[in-house]
>>> print(open('data-v6.txt').read())   # compact mmCIF, C-alpha atoms
# COMPACT_ATOMS: atom_id res chain seq x y z
CA MET A 14 -17.88 4.42 31.75
CA ALA A 15 -14.74 6.00 33.23
CA LYS A 16 -12.35 7.83 30.92
CA THR A 17 -9.50 5.75 29.54
CA GLU A 18 -6.25 6.54 27.75
CA ALA A 19 -6.59 3.46 25.56
CA VAL A 20 -7.02 3.96 21.83
CA LEU A 21 -10.32 2.58 20.56
CA ILE A 22 -10.25 0.90 17.15
CA VAL A 23 -13.63 0.85 15.41
CA GLY A 24 -14.44 -1.18 12.30
CA GLU A 25 -15.09 -4.66 10.95
CA VAL A 26 -13.39 -7.93 11.85
CA VAL A 27 -13.03 -10.14 8.79
CA VAL A 28 -11.34 -13.37 7.86
CA ASP A 29 -8.47 -13.01 5.38
CA PHE A 30 -8.00 -16.01 3.12
CA THR A 31 -4.90 -15.74 0.93
CA LEU A 32 -4.85 -18.08 -2.05
CA PRO A 33 -1.77 -20.31 -2.44
CA GLN A 34 1.19 -18.65 -4.14
CA ASP A 35 4.34 -19.96 -5.78
CA GLY A 36 6.36 -21.39 -2.90
CA ALA A 37 3.71 -20.55 -0.27
CA ASP A 38 0.62 -22.32 0.98
CA CYS A 39 -2.74 -20.63 1.49
CA LYS A 40 -3.05 -18.60 4.69
CA LEU A 41 -6.05 -17.94 6.93
CA ARG A 42 -6.02 -15.28 9.65
CA LEU A 43 -8.21 -12.68 11.31
CA GLY A 44 -8.12 -9.43 9.38
CA GLY A 45 -9.91 -6.11 9.13
CA ILE A 46 -9.23 -4.06 12.27
CA VAL A 47 -7.34 -6.99 13.79
CA HIS A 48 -4.37 -5.87 11.67
CA ALA A 49 -4.46 -2.48 13.42
CA ALA A 50 -4.73 -4.24 16.78
CA ARG A 51 -1.62 -6.32 16.10
CA GLY A 52 0.26 -3.14 15.27
CA LEU A 53 -0.73 -1.43 18.53
CA TRP A 54 0.11 -4.54 20.52
CA ALA A 55 3.55 -4.73 18.91
CA ALA A 56 4.05 -1.01 19.58
CA GLU A 57 3.07 -1.60 23.23
CA GLN A 58 0.21 0.89 23.04
CA GLU A 59 -2.93 0.48 25.16
CA TYR A 60 -5.96 -0.22 22.99
CA SER A 61 -9.49 -1.55 22.90
CA VAL A 62 -11.60 -2.76 19.98
CA ALA A 63 -15.21 -2.01 19.03
CA ALA A 64 -16.11 -4.33 16.19
CA PHE A 65 -18.81 -5.26 13.73
CA CYS A 66 -18.59 -8.91 12.70
CA PRO A 67 -20.74 -12.00 12.18
CA GLN A 68 -21.77 -13.70 15.41
CA TYR A 69 -19.65 -16.75 14.64
CA LEU A 70 -16.51 -14.55 14.75
CA ALA A 71 -17.26 -12.47 17.84
CA GLU A 72 -16.11 -14.90 20.52
CA GLU A 73 -13.00 -16.00 18.64
CA ALA A 74 -12.04 -12.40 17.82
CA GLY A 75 -12.46 -11.34 21.45
CA ARG A 76 -10.35 -14.23 22.67
CA TYR A 77 -7.60 -13.63 20.10
CA LEU A 78 -7.44 -9.90 20.78
CA ALA A 79 -7.35 -10.40 24.55
CA SER A 80 -4.24 -12.53 24.09
CA HIS A 81 -2.70 -9.64 22.15
CA GLY A 82 -3.17 -6.85 24.66
CA CYS A 83 -6.75 -5.73 23.98
CA LYS A 84 -8.18 -4.08 27.12
CA GLU A 85 -11.83 -4.42 26.07
CA PHE A 86 -13.61 -6.03 23.16
CA ALA A 87 -17.02 -4.53 22.39
CA TRP A 88 -19.19 -6.31 19.84
CA LEU A 89 -21.13 -3.44 18.26
CA GLY A 90 -23.22 -5.30 15.74
CA ASP A 91 -23.87 -8.51 13.89
CA ILE A 92 -23.13 -8.86 10.18
CA VAL A 93 -25.67 -11.04 8.40
CA GLY A 94 -25.92 -12.18 4.81
CA SER A 95 -22.15 -12.39 4.43
CA PRO A 96 -19.42 -14.45 6.15
CA ASN A 97 -17.11 -11.39 6.11
CA VAL A 98 -14.42 -13.40 4.35
CA ILE A 99 -11.94 -11.65 2.05
CA VAL A 100 -10.23 -13.77 -0.61
CA ILE A 101 -6.84 -12.34 -1.59
CA SER A 102 -5.03 -13.34 -4.76
CA ASP A 103 -1.87 -11.19 -4.48
CA PRO A 104 -0.76 -10.59 -0.87
CA THR A 105 2.41 -8.75 -1.91
CA GLU A 106 0.57 -6.06 -3.93
CA VAL A 107 2.92 -6.33 -6.86
CA SER A 108 -0.22 -5.41 -8.77
CA ASN A 109 -3.91 -5.34 -7.92
CA GLN A 110 -4.40 -7.56 -4.89
CA GLY A 111 -7.62 -9.02 -6.26
CA TYR A 112 -9.67 -8.65 -3.09
CA GLU A 113 -12.98 -10.49 -3.22
CA ASP A 114 -15.36 -9.78 -0.33
CA LEU A 115 -17.64 -12.83 -0.42
CA LEU A 116 -21.36 -11.96 -0.69
CA ARG A 117 -20.51 -8.29 -0.16
CA ASP A 118 -23.73 -7.07 -1.77
CA CYS A 119 -25.78 -9.17 0.65
CA LYS A 120 -24.09 -7.79 3.77
CA GLN A 121 -26.28 -6.11 6.40
CA ILE A 122 -25.43 -4.66 9.80
CA LYS A 123 -27.65 -5.24 12.85
CA LEU A 124 -26.67 -3.06 15.82
CA ARG A 125 -26.69 -4.69 19.21
CA ASP A 126 -29.31 -3.65 21.72
CA PRO A 127 -28.31 -2.54 24.27
CA PHE A 128 -25.40 -0.88 22.51
CA PRO A 129 -22.03 -1.08 24.29
CA ASN A 130 -20.97 2.00 26.25
CA LEU A 131 -18.18 3.88 24.42
CA GLU A 132 -18.31 7.21 26.24
CA GLY A 133 -15.03 6.74 28.12
CA TYR A 134 -12.86 6.71 25.00
CA GLN A 135 -11.12 9.96 24.10
CA LYS A 136 -9.03 8.76 21.14
CA VAL A 137 -10.89 6.82 18.44
CA VAL A 138 -9.56 5.36 15.18
CA VAL A 139 -12.27 4.48 12.66
CA PHE A 140 -11.86 2.17 9.69
CA PRO A 141 -15.13 2.71 7.76
CA GLY A 142 -17.13 -0.27 6.55
CA LYS A 143 -20.75 -1.04 5.79
CA PHE A 144 -21.86 0.46 9.09
CA ASP A 145 -23.30 3.98 9.42
CA ILE A 146 -20.39 6.17 10.56
CA ASN A 147 -22.57 9.10 11.57
CA ALA A 148 -24.77 6.93 13.78
CA LEU A 149 -21.69 6.25 15.89
CA LEU A 150 -21.04 9.89 16.71
CA GLU A 151 -23.75 10.12 19.36
CA ARG A 152 -22.33 7.05 21.09
CA PHE A 153 -19.18 8.90 22.15
CA SER A 154 -18.58 11.69 24.60
CA SER A 155 -18.28 15.25 23.28
CA GLU A 156 -14.58 15.15 24.18
CA ALA A 157 -13.75 12.21 21.89
CA LYS A 158 -11.38 12.91 18.98
CA PHE A 159 -11.34 10.85 15.79
CA THR A 160 -8.90 9.58 13.19
CA PHE A 161 -10.30 8.15 9.96
CA ASP A 162 -8.53 5.74 7.63
CA VAL A 163 -10.55 6.16 4.46
CA ALA A 164 -10.24 3.10 2.25
CA TYR A 165 -13.09 1.43 0.39
CA ASP A 166 -16.41 2.25 2.02
CA VAL A 167 -16.59 6.05 1.88
CA ASN A 168 -17.85 7.46 -1.41
CA ASP A 169 -16.79 11.00 -0.58
CA LEU A 170 -15.56 12.90 2.44
CA SER A 171 -18.82 14.81 2.81
CA SER A 172 -20.11 11.80 4.76
CA LEU A 173 -17.65 12.74 7.54
CA ARG A 174 -18.71 16.37 7.92
CA ALA A 175 -20.59 15.62 11.15
CA PHE A 176 -17.12 15.05 12.64
CA ARG A 177 -15.85 18.49 11.58
CA GLY A 178 -13.86 20.03 14.41
CA ARG A 179 -13.55 16.67 16.18
CA THR A 180 -11.18 15.01 13.73
CA GLN A 181 -7.49 14.72 14.45
CA ALA A 182 -6.33 13.01 11.28
CA ILE A 183 -7.58 11.79 7.93
CA ILE A 184 -5.51 9.08 6.29
CA ILE A 185 -5.84 7.92 2.69
CA SER A 186 -3.75 5.59 0.55
CA THR A 187 -3.22 5.70 -3.19
CA SER A 188 -5.25 2.49 -3.52
CA SER A 189 -8.37 4.18 -2.12
CA PRO A 190 -11.15 4.96 -4.63
CA LEU A 191 -11.25 8.45 -3.11
CA PHE A 192 -7.69 9.02 -4.32
CA LEU A 193 -7.86 7.37 -7.72
CA GLY A 194 -8.80 9.82 -10.43
CA LYS A 195 -7.46 12.83 -8.57
CA LYS A 196 -5.28 14.86 -10.94
CA ASN A 197 -3.22 16.31 -8.14
CA VAL A 198 -2.80 16.18 -4.38
CA GLU A 199 -3.99 19.78 -3.98
CA ASP A 200 -7.55 18.83 -4.97
CA LEU A 201 -7.54 16.05 -2.41
CA ILE A 202 -6.19 18.32 0.32
CA ALA A 203 -8.91 20.88 -0.42
CA GLU A 204 -11.52 18.16 0.08
CA VAL A 205 -9.87 16.97 3.29
CA LYS A 206 -9.85 20.50 4.70
CA THR A 207 -13.66 20.55 4.68
CA ILE A 208 -13.46 18.19 7.69
CA SER A 209 -10.88 20.42 9.47
CA PRO A 210 -8.47 17.72 10.71
CA GLU A 211 -5.13 18.63 12.23
CA VAL A 212 -3.18 16.50 9.75
CA PHE A 213 -3.66 14.56 6.54
CA LEU A 214 -1.49 11.54 5.75
CA LEU A 215 -1.19 10.26 2.19
CA LYS A 216 0.28 6.76 2.02
CA GLU A 217 1.87 6.23 -1.40
CA ASN A 218 2.72 2.55 -1.13
CA ARG A 219 6.34 1.79 -2.01
CA GLY A 220 6.84 5.47 -2.82
CA GLY A 221 6.72 6.51 0.85
CA SER A 222 4.17 8.81 2.47
CA ARG A 223 3.57 12.49 3.07
CA LEU A 224 2.23 14.09 6.23
CA PHE A 225 0.46 17.39 5.59
CA ASN A 226 0.08 19.56 8.69
CA LEU A 227 -3.09 21.51 7.94
CA MET A 228 -2.52 23.81 10.92
CA ASP A 229 0.78 25.33 9.75
CA GLY A 230 1.05 24.16 6.11
CA SER A 231 4.22 22.11 6.61
CA VAL A 232 4.85 18.79 4.84
CA GLU A 233 6.92 15.88 6.16
CA GLU A 234 8.15 13.33 3.61
CA ILE A 235 8.52 9.86 5.13
CA PRO A 236 10.44 7.49 2.85
CA ALA A 237 9.65 3.83 2.32
CA ARG A 238 12.26 1.29 3.35
CA LEU A 239 11.89 -1.31 0.64
CA GLY A 240 12.62 -4.95 1.32
CA LYS A 241 11.11 -8.35 0.64
CA THR A 242 7.33 -8.16 0.93
CA VAL A 243 5.88 -11.21 2.65
CA ASN A 244 2.30 -9.93 2.98
CA SER A 245 1.10 -6.37 2.40
CA VAL A 246 -2.46 -6.98 3.63
CA GLY A 247 -3.26 -4.75 6.61
CA VAL A 248 0.01 -2.83 6.39
CA GLY A 249 -1.75 0.49 5.94
CA ASP A 250 -4.06 -0.23 8.89
CA VAL A 251 -1.03 -0.80 11.12
CA TYR A 252 0.49 2.49 9.96
CA THR A 253 -2.71 4.35 10.82
CA ALA A 254 -3.25 2.74 14.22
CA VAL A 255 0.30 3.19 15.48
CA MET A 256 0.44 6.78 14.23
CA ALA A 257 -2.83 7.64 15.97
CA GLY A 258 -1.85 5.77 19.11
CA MET A 259 1.43 7.67 19.43
CA SER A 260 0.08 11.11 18.48
CA GLU A 261 0.93 12.52 21.92
CA LYS A 262 4.58 12.41 20.77
CA GLY A 263 3.70 14.89 18.02
CA TRP A 264 2.40 14.04 14.58
CA ILE A 265 5.81 13.91 12.91
CA GLU A 266 7.28 11.31 15.24
CA ALA A 267 3.98 9.45 15.34
CA ALA A 268 3.97 9.14 11.54
CA TRP A 269 7.56 7.90 11.46
CA ARG A 270 6.72 5.28 14.11
CA GLY A 271 3.64 4.24 12.16
CA CYS A 272 5.79 3.83 9.07
CA GLN A 273 8.26 1.68 11.00
CA ALA A 274 5.45 -0.57 12.21
CA ALA A 275 3.97 -0.87 8.72
CA THR A 276 7.34 -1.74 7.19
CA ILE A 277 7.95 -4.58 9.61
CA TYR A 278 4.35 -5.77 9.32
CA SER A 279 4.90 -6.25 5.57
CA GLN A 280 7.85 -8.53 6.28
CA THR A 281 6.24 -11.11 8.58
CA THR A 282 2.88 -12.63 9.44
CA TYR A 283 4.05 -13.82 12.86
CA PRO A 284 3.01 -11.41 15.67
CA ASP A 285 5.85 -12.31 18.04
CA ASP A 286 8.44 -11.57 15.35
CA LEU A 287 6.64 -8.33 14.57
CA LYS A 288 6.80 -7.16 18.18
CA ARG A 289 10.43 -8.15 18.66
CA ASP A 290 11.59 -6.38 15.50
CA LEU A 291 9.46 -3.29 16.08
CA GLN A 292 10.67 -2.77 19.64
CA ARG A 293 14.23 -3.05 18.38
CA ASP A 294 13.59 -0.50 15.63
CA PHE A 295 11.89 1.89 18.05
CA ASN A 296 15.30 2.42 19.66
CA LEU A 297 16.20 4.57 16.65
CA SER A 298 15.47 8.28 16.97
CA VAL A 299 13.57 10.14 14.26
CA GLU A 300 16.83 11.91 13.39
CA ALA A 301 18.50 8.53 12.86
CA LEU A 302 15.59 7.36 10.72
CA ARG A 303 15.89 10.46 8.55
CA ALA A 304 19.61 9.79 8.15
CA LEU A 305 18.92 6.23 7.00
CA GLY A 306 16.99 7.60 4.04
CA GLY A 307 14.77 5.46 1.85
CA THR A 308 12.56 5.82 -1.19
CA ILE A 309 10.41 8.87 -1.85
CA LEU A 310 8.45 8.83 -5.09
CA PRO A 311 5.09 10.65 -5.02
CA TRP A 312 2.29 9.10 -7.03
CA HIS A 313 1.73 11.86 -9.58
CA GLU A 314 5.45 12.43 -10.20
CA ARG A 315 5.93 8.87 -11.42
CA GLN A 316 4.37 9.77 -14.76
CA GLN A 317 7.20 12.23 -15.43
CA PHE A 318 9.69 9.40 -15.98
CA ALA A 319 9.14 7.15 -19.00
CA ILE A 320 10.08 3.48 -18.65
CA TYR A 321 10.93 1.54 -21.81
CA LEU A 322 9.54 -1.99 -21.62
CA ALA A 323 12.07 -4.25 -23.34
CA GLY A 324 10.87 -7.76 -24.02
CA PRO A 325 9.45 -10.10 -26.66
CA ASP A 326 6.06 -8.37 -26.54
CA PHE A 327 4.93 -10.22 -29.66
CA SER A 328 1.46 -11.57 -30.34
CA TYR A 329 2.81 -14.96 -31.37
CA VAL A 330 4.80 -15.85 -28.21
CA ASP A 331 3.88 -16.81 -24.65
CA LYS A 332 4.59 -13.51 -22.88
CA THR A 333 2.64 -13.91 -19.67
CA GLU A 334 5.52 -12.47 -17.64
CA VAL A 335 5.79 -9.43 -19.90
CA ASP A 336 2.11 -8.66 -19.48
CA ARG A 337 2.32 -9.16 -15.71
CA ALA A 338 5.28 -6.80 -15.43
CA ALA A 339 3.51 -4.16 -17.52
CA GLU A 340 0.37 -4.53 -15.39
CA SER A 341 2.40 -4.18 -12.20
CA LEU A 342 4.13 -0.99 -13.37
CA ALA A 343 0.86 0.52 -14.57
CA TYR A 344 -0.85 -0.34 -11.27
CA HIS A 345 1.78 1.72 -9.47
CA ASN A 346 1.24 4.62 -11.88
CA PHE A 347 4.48 4.35 -13.81
CA ASN A 348 4.68 5.69 -17.36
CA VAL A 349 5.26 2.46 -19.29
CA ARG A 350 6.21 2.70 -22.96
CA ARG A 351 5.75 -0.53 -24.93
CA PRO A 352 7.55 -0.12 -28.28
CA ILE A 353 5.71 -2.88 -30.09
CA MET A 354 2.37 -1.40 -29.10
CA GLU A 355 3.45 2.13 -30.03
CA ASN A 356 5.47 1.42 -33.16
CA GLY A 357 3.72 -1.68 -34.40
CA GLU A 358 4.61 -5.34 -34.71
CA LEU A 359 6.67 -6.35 -37.71
CA GLN A 360 5.24 -8.81 -40.19
CA ARG A 361 6.99 -12.14 -40.53
CA PRO A 362 9.07 -12.07 -42.65
CA ALA A 363 9.69 -8.31 -42.59
CA SER A 364 11.04 -6.25 -45.45
CA GLN A 365 14.36 -4.43 -45.14
CA VAL A 366 12.55 -1.09 -45.22
CA ASP A 367 10.28 -2.09 -42.33
CA LEU A 368 13.22 -3.41 -40.33
CA ILE A 369 15.13 -0.14 -40.69
CA ARG A 370 12.09 2.01 -39.90
CA THR A 371 11.17 0.00 -36.80
CA TYR A 372 14.76 -0.06 -35.57
CA HIS A 373 15.03 3.72 -35.69
CA MET A 374 11.63 4.26 -34.05
CA ASP A 375 12.38 1.82 -31.22
CA TYR A 376 15.88 3.24 -30.74
CA GLN A 377 14.52 6.78 -30.59
CA LEU A 378 11.86 5.74 -28.05
CA LEU A 379 14.50 4.04 -25.91
CA LYS A 380 16.63 7.21 -25.91
CA GLU A 381 13.62 9.29 -24.87
CA CYS A 382 12.92 7.07 -21.85
CA GLU A 383 14.63 7.59 -18.51
CA ALA A 384 14.84 3.90 -17.56
CA VAL A 385 14.44 0.41 -19.01
CA PHE A 386 12.48 -2.49 -17.53
CA ALA A 387 13.59 -5.61 -19.37
CA ILE A 388 12.10 -9.11 -19.52
CA PRO A 389 14.43 -11.12 -21.78
CA LEU A 390 12.26 -14.23 -22.17
CA GLY A 391 13.87 -16.97 -24.22
CA ARG A 392 17.09 -14.93 -24.32
CA ASP A 393 15.36 -12.72 -26.85
CA PRO A 394 18.20 -11.11 -28.87
CA GLY A 395 16.36 -7.84 -29.43
CA THR A 396 15.77 -7.41 -25.70
CA LEU A 397 19.41 -8.17 -24.91
CA VAL A 398 20.58 -5.59 -27.46
CA GLU A 399 18.21 -3.01 -25.96
CA ILE A 400 19.63 -3.73 -22.51
CA GLY A 401 23.14 -3.18 -23.86
CA ILE A 402 22.19 0.09 -25.52
CA ALA A 403 20.53 1.35 -22.32
CA ILE A 404 23.59 0.47 -20.23
CA ALA A 405 25.84 2.26 -22.74
CA LEU A 406 23.57 5.32 -22.56
CA GLY A 407 23.85 5.34 -18.78
CA LYS A 408 20.18 4.56 -18.15
CA PRO A 409 19.14 2.43 -15.17
CA VAL A 410 18.11 -1.06 -16.27
CA ILE A 411 15.88 -3.32 -14.19
CA THR A 412 16.06 -6.85 -15.54
CA PHE A 413 13.27 -9.25 -14.62
CA ASP A 414 14.38 -12.77 -15.58
CA PRO A 415 11.50 -14.96 -14.37
CA ARG A 416 12.77 -18.09 -16.10
CA ASN A 417 16.40 -17.72 -14.96
CA GLU A 418 17.68 -17.82 -18.52
CA ASN A 419 20.11 -14.89 -18.57
CA ASN A 420 22.51 -15.29 -15.66
CA ASN A 421 25.32 -13.61 -17.55
CA THR A 422 28.04 -11.41 -16.05
CA MET A 423 27.42 -8.42 -18.33
CA LEU A 424 23.67 -8.55 -17.81
CA VAL A 425 23.72 -9.15 -14.05
CA VAL A 426 26.35 -6.54 -13.28
CA GLY A 427 25.20 -4.05 -15.88
CA SER A 428 21.62 -4.01 -14.57
CA SER A 429 20.66 -1.82 -11.63
CA VAL A 430 18.62 -4.79 -10.45
CA TYR A 431 18.64 -8.32 -11.80
CA SER A 432 16.18 -10.82 -10.35
CA ALA A 433 13.72 -13.60 -11.12
CA ASN A 434 11.39 -12.06 -8.53
CA LEU A 435 8.95 -9.37 -9.70
CA ASP A 436 8.63 -7.92 -6.19
CA GLU A 437 12.40 -7.24 -6.11
CA CYS A 438 12.31 -5.75 -9.59
CA LEU A 439 9.41 -3.49 -8.65
CA ASN A 440 11.35 -2.26 -5.62
CA GLY A 441 14.32 -1.67 -7.90
CA THR A 442 12.14 0.40 -10.22
CA PHE A 443 10.95 2.57 -7.35
CA ASP A 444 14.54 3.08 -6.19
CA ALA A 445 15.83 3.89 -9.67
CA ILE A 446 13.10 6.40 -10.50
CA ALA A 447 13.36 7.97 -7.02
CA ARG A 448 17.08 8.56 -7.63
CA LEU A 449 16.31 10.16 -10.98
CA ARG A 450 13.78 12.43 -9.24
CA ALA A 451 16.27 13.36 -6.54
CA ASN A 452 19.14 13.94 -8.98
CA PRO A 453 17.73 15.38 -12.22
CA THR A 454 20.23 15.81 -15.04
>>> encode(input="data-v6.txt", output="structure tokens")
Amino acid sequence: MAKTEAVLIVGEVVVDFTLPQDGADCKLRLGGIVHAARGLWAAEQEYSVAAFCPQYLAEEAGRYLASHGCKEFAWLGDIVGSPNVIVISDPTEVSNQGYEDLLRDCKQIKLRDPFPNLEGYQKVVVFPGKFDINALLERFSSEAKFTFDVAYDVNDLSSLRAFRGRTQAIIISTSSPLFLGKKNVEDLIAEVKTISPEVFLLKENRGGSRLFNLMDGSVEEIPARLGKTVNSVGVGDVYTAVMAGMSEKGWIEAAWRGCQAATIYSQTTYPDDLKRDLQRDFNLSVEALRALGGTILPWHERQQFAIYLAGPDFSYVDKTEVDRAAESLAYHNFNVRRPIMENGELQRPASQVDLIRTYHMDYQLLKECEAVFAIPLGRDPGTLVEIGIAIALGKPVITFDPRNENNNTMLVVGSSVYSANLDECLNGTFDAIARLRANPT
């Protein structure tokens, strides 16, 4: 096979099935590495695909990808025992997305024989799956360089050591099991260095991303541009693919372009709109992008800022929205303080002594927190008072009003963010805490 400049994407093709949401029907589309392919197509980068997928998907995937710029589709192996269908319960990743890989434990890979010729590819982006990564190494020329997006199917980075010296980039997100449990980024970087890549990219969701140049020790912070999230599935794959595909521009610009592509990918599921908007945004220089700013809030630093959860968090009320908000904040590693859980729930009726004691404890906790996330269900008077106190103390208040019960001038204007949409309130929380980080008192 002759050498080619096209990027080769390696991984699994799956079917994404998103369950119906409030105001949105269910959605079915090709996923897995097809997300990365859409990103490269929209970025007008030459690419090919080498895929593992069930036989029933191979022809359709090849046809779809060809219509979106794919130079060559190589079917590497059949997946049996599983339909390779992912059911998704939360496409916006307000909290855990609830991925369910149907019959995952029954999945087996059967390599094709003869195996497709991959020796002409010099730039390879691998999204690990159930397939044996190391068995692929011998299928490429000795000149091939690799980028790995390590998500869910690599138990530890030692499995990539055969690629030491041949790896350009390792990319990990904060949702990866390899990241979770790490006490600091330094431990993760030390592990990454055992593979000797040129750069390491840590994608920190709505908190932006950081590009660590392991050759010179520099760090580039790339802020998130937060807007309405339509579908976050595959966003990280697009980031990785576009960054790897544009690496000849230098890793810093490549990472900024990858971030641009990922941002737009989160805002639409229509490829033509994606390409139009991305090509428009690519007219901005990196200097202009830096000047636009955005949200930078590293994962581990989020715990430094306590968020007071104001709401009727009582055992005897329907507080589904309170629990969902708390779950969302915890999922994104925020330090959530729930006064009723910490200070206890008053008996009904409560004595005057208990009322006074609880008031002072809750008030003290509110003062100690840097921000307030409020859910005033049923126009709960205690929550509204807490919002007023926080505003008077100059603390940022994010008010989540899912039932549209509190459209009041003082509350709407006094809050940093007021919305019935949890996605908007989560973005507002990231923005508020990022400002506190950038401007400590």
>>> residues_around(input="data-v6.txt", residues="Trp269 (chain A)", least_positions_apart="2", cutoff="8 Å", atoms="all atoms listed in the file", output="list in words")
Ile235, Met256, Ile265, Glu266, Ala267, Gly271, Cys272, Gln273 and Val299 of chain A
>>> closest_residue(input="data-v6.txt", among="A:Asn417, A:Phe86, A:Val246, A:Arg238", to="Leu41 (chain A)", atoms="all atoms listed in the file")
A:Val246
>>> closest_residue(input="data-v6.txt", among="A:Asp200, A:Glu156, A:Glu59, A:Asp393", to="Lys16 (chain A)", atoms="all atoms listed in the file")
A:Glu156
>>> closest_residue(input="data-v6.txt", among="A:Thr105, A:Gln316, A:Asn168, A:Asn296", to="Cys382 (chain A)", atoms="only C-alpha atoms")
A:Gln316
>>> closest_residue(input="data-v6.txt", among="A:Asn109, A:Gly44, A:Ile101, A:Ala79", to="Tyr344 (chain A)", atoms="all atoms listed in the file")
A:Asn109
>>> closest_residue(input="data-v6.txt", among="A:Asn97, A:Thr282, A:Thr17, A:Ser102", to="Ser61 (chain A)", atoms="all atoms listed in the file")
A:Thr17
>>> residues_around(input="data-v6.txt", residues="Ser328 (chain A)", least_positions_apart="4", cutoff="12 Å", atoms="all atoms listed in the file", output="list in words")
Gly324, Lys332, Thr333, Val335, Asp336, Ile353, Met354, Gly357, Glu358, Leu359, Gln360 and Arg361 of chain A
>>> closest_residue(input="data-v6.txt", among="A:Gly111, A:Pro141, A:Gly249, A:Gly133", to="Thr187 (chain A)", atoms="all atoms listed in the file")
A:Gly249
>>> atom_distance(input="data-v6.txt", atom1="CA of Gly45 (chain A)", atom2="CA of Asp103 (chain A)")
16.6 Å
>>> residues_near_point(input="data-v6.txt", point="(-16.2, 9.4, 31.3)", cutoff="12 Å", atoms="all atoms listed in the file", output="ChimeraX atom specification")
/A:14-18,130-135,153-157
>>> atom_distance(input="data-v6.txt", atom1="CA of Gln34 (chain A)", atom2="CA of His48 (chain A)")
21.1 Å
>>> residues_around(input="data-v6.txt", residues="region 426-439 of chain A", least_positions_apart="3", cutoff="10 Å", atoms="only C-alpha atoms", output="ChimeraX atom specification")
/A:105-108,219,239-243,334,337-338,341-342,345,385-388,400-401,403-405,407-423,442-445
>>> atom_distance(input="data-v6.txt", atom1="CA of Ser222 (chain A)", atom2="CA of Tyr252 (chain A)")
10.5 Å
>>> residues_around(input="data-v6.txt", residues="Gly247 (chain A)", least_positions_apart="4", cutoff="10 Å", atoms="only C-alpha atoms", output="ChimeraX atom specification")
/A:29,44-49,51-52,104,251-252,275,278-279
>>> write_last_selection(input="data-v6.txt", atoms="C-alpha atoms", output="compact mmCIF listing (two decimals), in the coordinates of the input")
# COMPACT_ATOMS: atom_id res chain seq x y z
CA ASP A 29 -8.47 -13.01 5.38
CA GLY A 44 -8.12 -9.43 9.38
CA GLY A 45 -9.91 -6.11 9.13
CA ILE A 46 -9.23 -4.06 12.27
CA VAL A 47 -7.34 -6.99 13.79
CA HIS A 48 -4.37 -5.87 11.67
CA ALA A 49 -4.46 -2.48 13.42
CA ARG A 51 -1.62 -6.32 16.10
CA GLY A 52 0.26 -3.14 15.27
CA PRO A 104 -0.76 -10.59 -0.87
CA VAL A 251 -1.03 -0.80 11.12
CA TYR A 252 0.49 2.49 9.96
CA ALA A 275 3.97 -0.87 8.72
CA TYR A 278 4.35 -5.77 9.32
CA SER A 279 4.90 -6.25 5.57
>>> residues_near_point(input="data-v6.txt", point="(2.0, 4.8, -19.2)", cutoff="10 Å", atoms="only C-alpha atoms", output="VMD selection string")
chain A and resid 315 to 321 339 342 to 344 346 to 351
>>> closest_atom_pairs(input="data-v6.txt", of="region 148-225 of chain A", to="region 124-129 of chain A", cutoff="12 Å", atoms="all atoms listed in the file", output="Markdown table")
| residue | atom | partner | partner_atom | distance |
| --- | --- | --- | --- | --- |
| A:Ala148 | CA | A:Leu124 | CA | 10.4 |
| A:Leu149 | CA | A:Phe128 | CA | 10.4 |
| A:Glu151 | CA | A:Phe128 | CA | 11.6 |
| A:Arg152 | CA | A:Phe128 | CA | 8.6 |
| A:Phe153 | CA | A:Pro129 | CA | 10.6 |
>>> write_last_selection(input="data-v6.txt", atoms="C-alpha atoms", output="mmCIF file, keeping the file's coordinate frame")
data_model
loop_
_atom_site.group_PDB
_atom_site.id
_atom_site.type_symbol
_atom_site.label_atom_id
_atom_site.label_comp_id
_atom_site.auth_asym_id
_atom_site.auth_seq_id
_atom_site.Cartn_x
_atom_site.Cartn_y
_atom_site.Cartn_z
ATOM 1 C CA ALA A 148 -24.770 6.930 13.780
ATOM 2 C CA LEU A 149 -21.690 6.250 15.890
ATOM 3 C CA GLU A 151 -23.750 10.120 19.360
ATOM 4 C CA ARG A 152 -22.330 7.050 21.090
ATOM 5 C CA PHE A 153 -19.180 8.900 22.150
#
>>> residues_around(input="data-v6.txt", residues="Thr308 (chain A)", least_positions_apart="3", cutoff="6 Å", atoms="all atoms listed in the file", output="list in words")
Gly220, Pro236 and Ala237 of chain A
